[in-house]
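Heads up: the structure comes next, in structure tokens.
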There are 2 protein chains.
Amino acid sequence: MDGGAQTKGRGGTRTVDVMSAIRAKVAGRALSAGDRLPSIRSLAATMGVSPSTVVEAYDRLAAEGLVRARRGSGFYVSPTVTPPLALTQAEPRRDRAVDPFWVSRQSLDTDAGVPKPGCGWLPPECMPDAALRRATRALARSDASVLTNYGSTSGSLALRRLLLTRLAEDEIEASINQLMLTGSGTQATDLICRLLLRPGDAVLVDDPCYFNFRALLRAHQARIVSVPYTPSGPDVVSFEQILAAERPRLYITNSALHNPTGATLSLPTAHRLLTLAAAHDLTIIEDDIFSDFEPERSPRLAALDGLNRVIRIGSFSKTLSASVRCGYIAARADWVEHLVDLQVATSFGGPSPVATEIIAKVLVGGSYRKHMDELRQKLTRARRDVARKLGALGIEPWLMPRGGFFLWCRLADGQDATAVARAALEEDVVLAPGNVFSVSQTAQNFLRFNVAHMNDLRMWDVLRRALKAQAG
Amino acid sequence: MDGGAQTKGRGGTRTVDVMSAIRAKVAGRALSAGDRLPSIRSLAATMGVSPSTVVEAYDRLAAEGLVRARRGSGFYVSPTVTPPLALTQAEPRRDRAVDPFWVSRQSLDTDAGVPKPGCGWLPPECMPDAALRRATRALARSDASVLTNYGSTSGSLALRRLLLTRLAEDEIEASINQLMLTGSGTQATDLICRLLLRPGDAVLVDDPCYFNFRALLRAHQARIVSVPYTPSGPDVVSFEQILAAERPRLYITNSALHNPTGATLSLPTAHRLLTLAAAHDLTIIEDDIFSDFEPERSPRLAALDGLNRVIRIGSFSKTLSASVRCGYIAARADWVEHLVDLQVATSFGGPSPVATEIIAKVLVGGSYRKHMDELRQKLTRARRDVARKLGALGIEPWLMPRGGFFLWCRLADGQDATAVARAALEEDVVLAPGNVFSVSQTAQNFLRFNVAHMNDLRMWDVLRRALKAQAG
């Protein structure tokens, strides 16, 4: 199965020679678009290399797009040479409306080098790099089935058992059949929406809330209603009125280190929410993705409720890796059974065993806990420093969060965050304007900052200019 | 970030000593459920090890579930010790109805050791093991951003450029903005259904067809209609009648090496289908996941149509790895733009960069093409040998496929495939009974066999007994 690579190992330079020879023929028009390349045997003979060396060279040229294979009839010069795409592809789309997709599309599709104070994740230097590389090397030595087979429909048993112990640390007692792994935290929420929602159902979110909740609910054609968020959680008076008036099927929230505000749910509010949820038969999705950033545990709806009408979801994308995709759902066992069927139907099987293997290996070692301890301290300093710098620009945090990397900030009166974000994007800086988080569109002079992405001096200059352009 | 691991590197045995000491205390009831473990410092002093060694040991015991950390207040013995779950979890559910989920749930959740002649993928020994391990080792050395960041919303540019050259080999000319990567081939189909379908829309599938199409369409609350499949494609007369009568929005099919029959679409039928699709404004999803198993290229709807009303999807799960999840969609650029938004909303970002990095590395080397050449020959022999053995049991292939690993077989008259599959499952052999593939439920005496999973002698005994039980 491996001859090509052995050839490469033994004679990589010979492969490169053959590639150069063909490139030269094309450059010199000795071979033009559509022409058939010399046969493997003949070129091998001419250049005095093995046929497999020529195959390797032709395959790599095909990978580059210069030539194409036609099964059973050899290789041909490509009719059109693919243009270089890296730049155009890395460019975000500046023209699109500032909708709930705006920040994600801009943040995800912008070059790694571009400052992203608006993005929702941490830069590589904040992730457990050494542990990830160790886990990946170990993966390369694992059983063939781990590298080649679908996983079980609920995902790696080892990782689920690890998660059970971590849930227990948050005082959430769950059995293994109440826990399933998903392709990501977003997919976890999506599966639950598939199970519980019908088009037109009302769904309650916080105002402000994580913008992608809005994007996801649009995809489900849900009727989105929102409740004002306070420093101790959603406003309980409005919450009760909305439950009575709108009869939402679902409420989606973050209890600890709420996105975007960084606020924390208080115990009285948590208790009140659960009482109202019971009275109105409301199901709650508690997205606990920022849990590990807390200095100490705060109230959890899932813990108080005992996974009865509260569904706990999470992922590892904020603390371990956003590249190794995996999320989870902890819920009533009968719901999990249905959700597993839905995941089979829509993704076939659980998350990639390659992904769950890497995550489990990183979590088992003591280095992950040590990494998080250091990261929490690092972010505490960054929140303080960035808040001070923003203050100098007349930008004030709505509150100072206990943990995490977000600062939800109010601009000086009269400044429009969307206009500031557009101006900054013109200079390749991606900001997160308040209204992408606000169903009621009442956050026009708020911005969400990610303190871990704000070391870049040019970014601060761009921000100053963008604000000044507004003020003037 | 890495102290714990260094400790492990220097003194793994000391860590194990500490773990054993704690286990002994728990076993001997010196520490019971809920008790606080000795403080890090005190135990480090007592045992003459470094505090980080104790932390490492406590963390590993926490991973095992024996103890639990409470942030800020140390470690405690778990109130309940998690029971061993491996067996119960590996057990498939025997009681559930034989629905479209039946084969997938049984195949995915059954132990690796259990013979799966009914499953839809290849065993590890048929996958490019060495190339996958090489790619994984290379991944461990790649940029930190590859290991930690979300990918771009359309997925790895390098892999998309590779795919463009492979599509060109099938005479499908596409530009980079017509191609997006997804979490899997199933997710590709799911995203398209989200974009094009509303609950109640009619969707046309082949009869028989891949059972998960039915599961997926149920999740979308589509009205599923089916067209009889012939050895040269769907029956064109019925196809036209159904288009006129049911006005399906979408038709989902495999053109080359159709699942489950292994049949191949003929050029005249392909042309007729596209003419009828144009006349009735039908969109077609061509799932080309078995493309690389063809001995030589056969007609493609996407190639004839030029990605106008045909959407080409595929993945690498059958030829490269089902663990490294990644699929793709090639379609009209304006549809791809909407599909990317939908993928952001429902999965956040494209597929895992870790996955696309591994796949791109395997595809570039010449070893993949060599691997496929050898695999095609191996499967040709396996199809012939298995067909002969089945013939001896009175089981006849509906046709002998040009490639791939499926044999769609008719049982002797009067034998019920579902009953045979249930009997075989009682002896831990997973079969694929015909009716899970049949919307009209007219395949009750067909079974789909996977020739790559039929070397197990016990499996043949189980099959004989299951057939005899039926005959008698």
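Letters A, B, ... go to the chains of the structure tokens in the order shown; residues in each chain start at 1; ligands are counted from 1 in the same order.
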Tell me, as a list in words, which residues lie within 7 Å of range 225-236 of chain B, counting only C-alpha atoms; anything in the same chain fewer than 3 positions away does not count.
Ala202, Val203, Leu204, Val205, Asp206, Asp207, Pro208, Phe239, Glu240, Ala263, Thr264, Leu265, Ser266, Thr269 and Val439 of chain B
Exercise: range 462-471 of chain A partners within 8 Å, only C-alpha atoms, chain neighbours under 2 positions left out, as a ChimeraX atom specification
/A:393,414-416,419-421,423-424,427,429,458-460
Based on the selection just made, write all heavy atoms of those residues as a compact mmCIF listing (two decimals), in the first residue's frame.
```
# COMPACT_ATOMS: atom_id res chain seq x y z
N LEU A 393 -10.12 55.36 26.05
CA LEU A 393 -10.80 55.72 24.80
C LEU A 393 -12.28 56.02 25.04
O LEU A 393 -13.08 56.12 24.11
CB LEU A 393 -10.68 54.58 23.78
CG LEU A 393 -9.26 54.16 23.38
CD1 LEU A 393 -9.31 52.98 22.43
CD2 LEU A 393 -8.55 55.34 22.73
N GLY A 414 -23.73 58.33 21.60
CA GLY A 414 -23.82 58.79 20.22
C GLY A 414 -22.97 57.99 19.25
O GLY A 414 -23.11 58.14 18.04
N GLN A 415 -22.08 57.13 19.78
CA GLN A 415 -21.25 56.34 18.86
C GLN A 415 -21.98 55.06 18.45
O GLN A 415 -22.58 54.39 19.28
CB GLN A 415 -19.91 56.02 19.50
CG GLN A 415 -19.06 57.26 19.71
CD GLN A 415 -17.59 56.97 19.49
OE1 GLN A 415 -17.03 56.09 20.10
NE2 GLN A 415 -16.97 57.72 18.58
N ASP A 416 -21.93 54.76 17.15
CA ASP A 416 -22.63 53.59 16.63
C ASP A 416 -21.63 52.45 16.39
O ASP A 416 -20.74 52.56 15.54
CB ASP A 416 -23.34 53.94 15.32
CG ASP A 416 -23.97 52.72 14.68
OD1 ASP A 416 -24.66 51.97 15.41
OD2 ASP A 416 -23.73 52.48 13.48
N ALA A 419 -21.10 51.06 12.80
CA ALA A 419 -20.30 51.93 11.94
C ALA A 419 -18.82 51.81 12.32
O ALA A 419 -17.94 51.75 11.45
CB ALA A 419 -20.77 53.38 12.07
N VAL A 420 -18.54 51.74 13.63
CA VAL A 420 -17.15 51.58 14.08
C VAL A 420 -16.57 50.26 13.55
O VAL A 420 -15.46 50.21 13.03
CB VAL A 420 -17.07 51.63 15.63
CG1 VAL A 420 -15.67 51.27 16.12
CG2 VAL A 420 -17.48 53.01 16.14
N ALA A 421 -17.37 49.19 13.62
CA ALA A 421 -16.90 47.87 13.17
C ALA A 421 -16.64 47.88 11.66
O ALA A 421 -15.63 47.33 11.19
CB ALA A 421 -17.93 46.81 13.52
N ALA A 423 -15.83 50.50 9.85
CA ALA A 423 -14.63 51.30 9.61
C ALA A 423 -13.38 50.48 9.94
O ALA A 423 -12.40 50.47 9.19
CB ALA A 423 -14.68 52.56 10.46
N ALA A 424 -13.42 49.74 11.06
CA ALA A 424 -12.26 48.94 11.46
C ALA A 424 -11.99 47.84 10.44
O ALA A 424 -10.83 47.55 10.10
CB ALA A 424 -12.50 48.33 12.84
N GLU A 427 -9.81 48.45 7.64
CA GLU A 427 -8.37 48.36 7.93
C GLU A 427 -8.02 46.97 8.48
O GLU A 427 -7.06 46.80 9.24
CB GLU A 427 -7.98 49.46 8.92
CG GLU A 427 -8.18 50.87 8.38
CD GLU A 427 -7.51 51.92 9.26
OE1 GLU A 427 -6.27 51.88 9.38
OE2 GLU A 427 -8.25 52.73 9.85
N VAL A 429 -9.41 44.92 10.68
CA VAL A 429 -9.59 44.56 12.09
C VAL A 429 -11.04 44.15 12.29
O VAL A 429 -11.95 44.89 11.92
CB VAL A 429 -9.22 45.74 13.02
CG1 VAL A 429 -9.63 45.42 14.47
CG2 VAL A 429 -7.73 46.02 12.96
N ARG A 458 -1.15 48.00 16.26
CA ARG A 458 -1.84 48.58 15.10
C ARG A 458 -3.36 48.52 15.31
O ARG A 458 -4.09 49.45 14.98
CB ARG A 458 -1.47 47.80 13.83
CG ARG A 458 -1.93 48.49 12.54
CD ARG A 458 -1.56 47.68 11.31
NE ARG A 458 -2.37 46.46 11.18
CZ ARG A 458 -3.63 46.45 10.73
NH1 ARG A 458 -4.22 47.57 10.40
NH2 ARG A 458 -4.31 45.32 10.66
N MET A 459 -3.80 47.41 15.92
CA MET A 459 -5.24 47.26 16.18
C MET A 459 -5.77 48.43 17.01
O MET A 459 -6.82 48.99 16.71
CB MET A 459 -5.48 45.92 16.89
CG MET A 459 -6.92 45.58 17.20
SD MET A 459 -7.50 46.33 18.73
CE MET A 459 -6.44 45.48 19.89
N TRP A 460 -5.00 48.82 18.02
CA TRP A 460 -5.43 49.96 18.87
C TRP A 460 -5.49 51.25 18.06
O TRP A 460 -6.40 52.05 18.20
CB TRP A 460 -4.50 50.10 20.07
CG TRP A 460 -4.74 49.04 21.11
CD1 TRP A 460 -4.05 47.87 21.25
CD2 TRP A 460 -5.75 49.02 22.11
NE1 TRP A 460 -4.56 47.13 22.29
CE2 TRP A 460 -5.61 47.82 22.85
CE3 TRP A 460 -6.78 49.91 22.46
CZ2 TRP A 460 -6.45 47.47 23.91
CZ3 TRP A 460 -7.61 49.58 23.53
CH2 TRP A 460 -7.45 48.37 24.24
```
Could you produce a table of the residues of range 279-396 of chain B lying within 10 Å of range 115-133 of chain B, with the nearest pair of atoms per residue and their separation in Å rounded to one decimal, using only C-alpha atoms, ordered by chain and increasing residue number, as CSV?
```
residue,atom,partner,partner_atom,distance
B:Ser317,CA,B:Trp121,CA,7.6
B:Lys318,CA,B:Trp121,CA,5.7
B:Thr319,CA,B:Met127,CA,6.5
B:Leu320,CA,B:Met127,CA,5.8
B:Ser321,CA,B:Met127,CA,6.8
B:Ala322,CA,B:Trp121,CA,8.0
B:Val324,CA,B:Leu132,CA,9.6
B:Ile358,CA,B:Leu132,CA,7.0
B:Ile359,CA,B:Leu132,CA,8.1
B:Lys361,CA,B:Ala131,CA,8.3
B:Val362,CA,B:Ala131,CA,5.8
B:Leu363,CA,B:Ala131,CA,9.1
B:Gly365,CA,B:Ala131,CA,8.4
B:Gly366,CA,B:Ala131,CA,10.0
B:Ser367,CA,B:Ala131,CA,7.2
B:Tyr368,CA,B:Pro128,CA,7.1
B:Lys370,CA,B:Pro128,CA,9.7
B:His371,CA,B:Pro128,CA,6.5
B:Met372,CA,B:Pro128,CA,8.7
B:Glu374,CA,B:Cys126,CA,9.6
B:Leu375,CA,B:Cys126,CA,6.8
B:Lys378,CA,B:Cys126,CA,9.0
B:Leu379,CA,B:Cys126,CA,9.4
```
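Note that DSSP on the backbone gives strand (DSSP E or B) to these residues of range 86-237 of chain A: Leu179, Met180, Leu181, Thr182, Ala202, Val203, Leu204, Val205, Asp206, Asp207, Arg223, Ile224, Val225, Ser226, Val227, Pro228, Tyr229, Thr230, Gly233 and Pro234 of chain A.
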Distance CA of Trp102 in chain A-CA of Thr186 in chain A, one decimal place?
16.7 Å
Would you please extract all helix (DSSP H, G or I) residues from range 310-408 of chain A, as assigned by DSSP on the backbone, and give them as a ChimeraX atom specification?
/A:333-347,353-364,367-392
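Our summary of the geometry notes that CA of Leu191 in chain B is positioned 28.2 Å from CA of Ser145 in chain A.
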What does the distance from CA of Val354 in chain A to CA of Gly349 in chain B come to in Å, to one decimal?
18.4 Å
Near Lys25 in chain B, within 12 Å and counting only C-alpha atoms, which residues show up once chain neighbours fewer than 5 positions away are dropped, as a PyMOL selection string?
chain B and resi 18-20+30-33+35-38+66+77
Can you pull out every residue within 12 Å of Arg249 in chain A, counting only C-alpha atoms, but drop anything in the same chain fewer than 6 positions away, and send it as a ChimeraX atom specification?
/A:192-193,195-205,222-225,242-243,277-278,280-285,309
Using N, CA and C atoms, can you write the selected residues to a file as a PDB file, in the first residue's frame?
```pdb
ATOM      1  N   ILE A 192     -30.625  19.263  19.511  1.00  0.00           N
ATOM      2  CA  ILE A 192     -31.720  19.455  20.474  1.00  0.00           C
ATOM      3  C   ILE A 192     -32.851  20.241  19.814  1.00  0.00           C
ATOM      4  N   CYS A 193     -32.500  21.264  19.032  1.00  0.00           N
ATOM      5  CA  CYS A 193     -33.535  22.032  18.316  1.00  0.00           C
ATOM      6  C   CYS A 193     -34.289  21.130  17.342  1.00  0.00           C
ATOM      7  N   LEU A 195     -34.869  18.042  17.697  1.00  0.00           N
ATOM      8  CA  LEU A 195     -35.736  17.136  18.453  1.00  0.00           C
ATOM      9  C   LEU A 195     -36.961  17.865  19.004  1.00  0.00           C
ATOM     10  N   LEU A 196     -36.759  19.087  19.493  1.00  0.00           N
ATOM     11  CA  LEU A 196     -37.810  19.740  20.275  1.00  0.00           C
ATOM     12  C   LEU A 196     -38.599  20.799  19.512  1.00  0.00           C
ATOM     13  N   LEU A 197     -38.047  21.340  18.422  1.00  0.00           N
ATOM     14  CA  LEU A 197     -38.696  22.476  17.767  1.00  0.00           C
ATOM     15  C   LEU A 197     -39.423  22.096  16.491  1.00  0.00           C
ATOM     16  N   ARG A 198     -40.494  22.818  16.227  1.00  0.00           N
ATOM     17  CA  ARG A 198     -41.162  22.788  14.929  1.00  0.00           C
ATOM     18  C   ARG A 198     -41.122  24.209  14.392  1.00  0.00           C
ATOM     19  N   PRO A 199     -41.112  24.395  13.054  1.00  0.00           N
ATOM     20  CA  PRO A 199     -41.101  25.767  12.520  1.00  0.00           C
ATOM     21  C   PRO A 199     -42.212  26.609  13.153  1.00  0.00           C
ATOM     22  N   GLY A 200     -41.848  27.836  13.557  1.00  0.00           N
ATOM     23  CA  GLY A 200     -42.829  28.727  14.160  1.00  0.00           C
ATOM     24  C   GLY A 200     -42.847  28.686  15.676  1.00  0.00           C
ATOM     25  N   ASP A 201     -42.248  27.652  16.287  1.00  0.00           N
ATOM     26  CA  ASP A 201     -42.173  27.604  17.754  1.00  0.00           C
ATOM     27  C   ASP A 201     -41.416  28.817  18.280  1.00  0.00           C
ATOM     28  N   ALA A 202     -41.858  29.322  19.421  1.00  0.00           N
ATOM     29  CA  ALA A 202     -41.141  30.431  20.064  1.00  0.00           C
ATOM     30  C   ALA A 202     -39.968  29.880  20.868  1.00  0.00           C
ATOM     31  N   VAL A 203     -38.813  30.544  20.754  1.00  0.00           N
ATOM     32  CA  VAL A 203     -37.628  30.186  21.531  1.00  0.00           C
ATOM     33  C   VAL A 203     -37.107  31.451  22.196  1.00  0.00           C
ATOM     34  N   LEU A 204     -36.790  31.334  23.486  1.00  0.00           N
ATOM     35  CA  LEU A 204     -36.354  32.480  24.282  1.00  0.00           C
ATOM     36  C   LEU A 204     -34.830  32.495  24.394  1.00  0.00           C
ATOM     37  N   VAL A 205     -34.234  33.656  24.145  1.00  0.00           N
ATOM     38  CA  VAL A 205     -32.795  33.840  24.357  1.00  0.00           C
ATOM     39  C   VAL A 205     -32.589  35.112  25.176  1.00  0.00           C
ATOM     40  N   ALA A 222     -37.469  29.200  13.814  1.00  0.00           N
ATOM     41  CA  ALA A 222     -38.113  29.442  15.110  1.00  0.00           C
ATOM     42  C   ALA A 222     -38.494  30.915  15.213  1.00  0.00           C
ATOM     43  N   ARG A 223     -39.454  31.201  16.088  1.00  0.00           N
ATOM     44  CA  ARG A 223     -39.819  32.581  16.399  1.00  0.00           C
ATOM     45  C   ARG A 223     -38.980  32.975  17.611  1.00  0.00           C
ATOM     46  N   ILE A 224     -38.039  33.909  17.413  1.00  0.00           N
ATOM     47  CA  ILE A 224     -37.075  34.235  18.461  1.00  0.00           C
ATOM     48  C   ILE A 224     -37.607  35.373  19.330  1.00  0.00           C
ATOM     49  N   VAL A 225     -37.717  35.131  20.638  1.00  0.00           N
ATOM     50  CA  VAL A 225     -38.082  36.184  21.588  1.00  0.00           C
ATOM     51  C   VAL A 225     -36.932  36.311  22.588  1.00  0.00           C
ATOM     52  N   ILE A 242     -42.930  36.896  29.651  1.00  0.00           N
ATOM     53  CA  ILE A 242     -42.719  36.315  28.315  1.00  0.00           C
ATOM     54  C   ILE A 242     -43.197  34.859  28.285  1.00  0.00           C
ATOM     55  N   LEU A 243     -42.914  34.118  29.375  1.00  0.00           N
ATOM     56  CA  LEU A 243     -43.371  32.724  29.413  1.00  0.00           C
ATOM     57  C   LEU A 243     -44.893  32.650  29.301  1.00  0.00           C
ATOM     58  N   ALA A 277     -39.940  27.795  34.869  1.00  0.00           N
ATOM     59  CA  ALA A 277     -39.841  26.816  33.783  1.00  0.00           C
ATOM     60  C   ALA A 277     -40.774  25.639  34.049  1.00  0.00           C
ATOM     61  N   ALA A 278     -40.803  25.186  35.298  1.00  0.00           N
ATOM     62  CA  ALA A 278     -41.678  24.061  35.664  1.00  0.00           C
ATOM     63  C   ALA A 278     -43.140  24.453  35.474  1.00  0.00           C
ATOM     64  N   HIS A 280     -44.415  26.529  33.445  1.00  0.00           N
ATOM     65  CA  HIS A 280     -44.792  26.734  32.035  1.00  0.00           C
ATOM     66  C   HIS A 280     -44.235  25.642  31.116  1.00  0.00           C
ATOM     67  N   ASP A 281     -43.779  24.541  31.701  1.00  0.00           N
ATOM     68  CA  ASP A 281     -43.245  23.418  30.929  1.00  0.00           C
ATOM     69  C   ASP A 281     -42.218  23.882  29.887  1.00  0.00           C
ATOM     70  N   LEU A 282     -41.245  24.653  30.340  1.00  0.00           N
ATOM     71  CA  LEU A 282     -40.181  25.175  29.486  1.00  0.00           C
ATOM     72  C   LEU A 282     -38.952  24.276  29.594  1.00  0.00           C
ATOM     73  N   THR A 283     -38.345  23.945  28.468  1.00  0.00           N
ATOM     74  CA  THR A 283     -37.077  23.225  28.461  1.00  0.00           C
ATOM     75  C   THR A 283     -35.943  24.235  28.316  1.00  0.00           C
ATOM     76  N   ILE A 284     -34.850  24.008  29.026  1.00  0.00           N
ATOM     77  CA  ILE A 284     -33.725  24.954  29.030  1.00  0.00           C
ATOM     78  C   ILE A 284     -32.457  24.260  28.529  1.00  0.00           C
ATOM     79  N   ILE A 285     -31.788  24.898  27.573  1.00  0.00           N
ATOM     80  CA  ILE A 285     -30.449  24.461  27.168  1.00  0.00           C
ATOM     81  C   ILE A 285     -29.446  25.363  27.879  1.00  0.00           C
ATOM     82  N   ARG A 309     -35.477  19.064  33.231  1.00  0.00           N
ATOM     83  CA  ARG A 309     -35.917  19.884  32.092  1.00  0.00           C
ATOM     84  C   ARG A 309     -34.786  20.764  31.587  1.00  0.00           C
TER      85      ARG A 309
END
```
What's the 9 Å shell around range 355-357 of chain B, counting only C-alpha atoms, without same-chain residues fewer than 6 positions away, as number ranges by chain?
A: 323-324, 352, 354-355; B: 135-136, 139, 146, 155-156, 158-159, 181, 323-326
Write the residues of the selection above to a file with C-alpha atoms, as a JSON list (two decimals), in the first residue's frame.
```
[["chain", "number", "residue", "atom", "x", "y", "z"],
["A", 323, "SER", "CA", -9.71, 22.48, 15.46],
["A", 324, "VAL", "CA", -10.34, 19.14, 17.18],
["A", 352, "SER", "CA", -14.53, 11.62, 14.93],
["A", 354, "VAL", "CA", -9.52, 10.82, 15.99],
["A", 355, "ALA", "CA", -10.89, 13.94, 17.70],
["B", 135, "ALA", "CA", -0.04, 12.11, 8.02],
["B", 136, "THR", "CA", -0.86, 12.05, 11.75],
["B", 139, "LEU", "CA", 0.11, 16.82, 11.93],
["B", 146, "VAL", "CA", -3.84, 24.07, 12.62],
["B", 155, "GLY", "CA", -12.82, 24.32, 4.88],
["B", 156, "SER", "CA", -9.13, 23.89, 4.04],
["B", 158, "ALA", "CA", -5.43, 23.12, 0.13],
["B", 159, "LEU", "CA", -7.88, 20.21, 0.29],
["B", 181, "LEU", "CA", -16.02, 21.03, 2.83],
["B", 323, "SER", "CA", -12.71, 8.25, 11.69],
["B", 324, "VAL", "CA", -11.24, 11.39, 10.10],
["B", 325, "ARG", "CA", -14.60, 12.93, 9.26],
["B", 326, "CYS", "CA", -14.87, 15.17, 6.19]]
```
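Among B:Ala452, B:Leu43, B:Ala62, B:Ala331, the residue with the shortest atom-to-atom distance to chain A, counting only C-alpha atoms, is B:Ala62.
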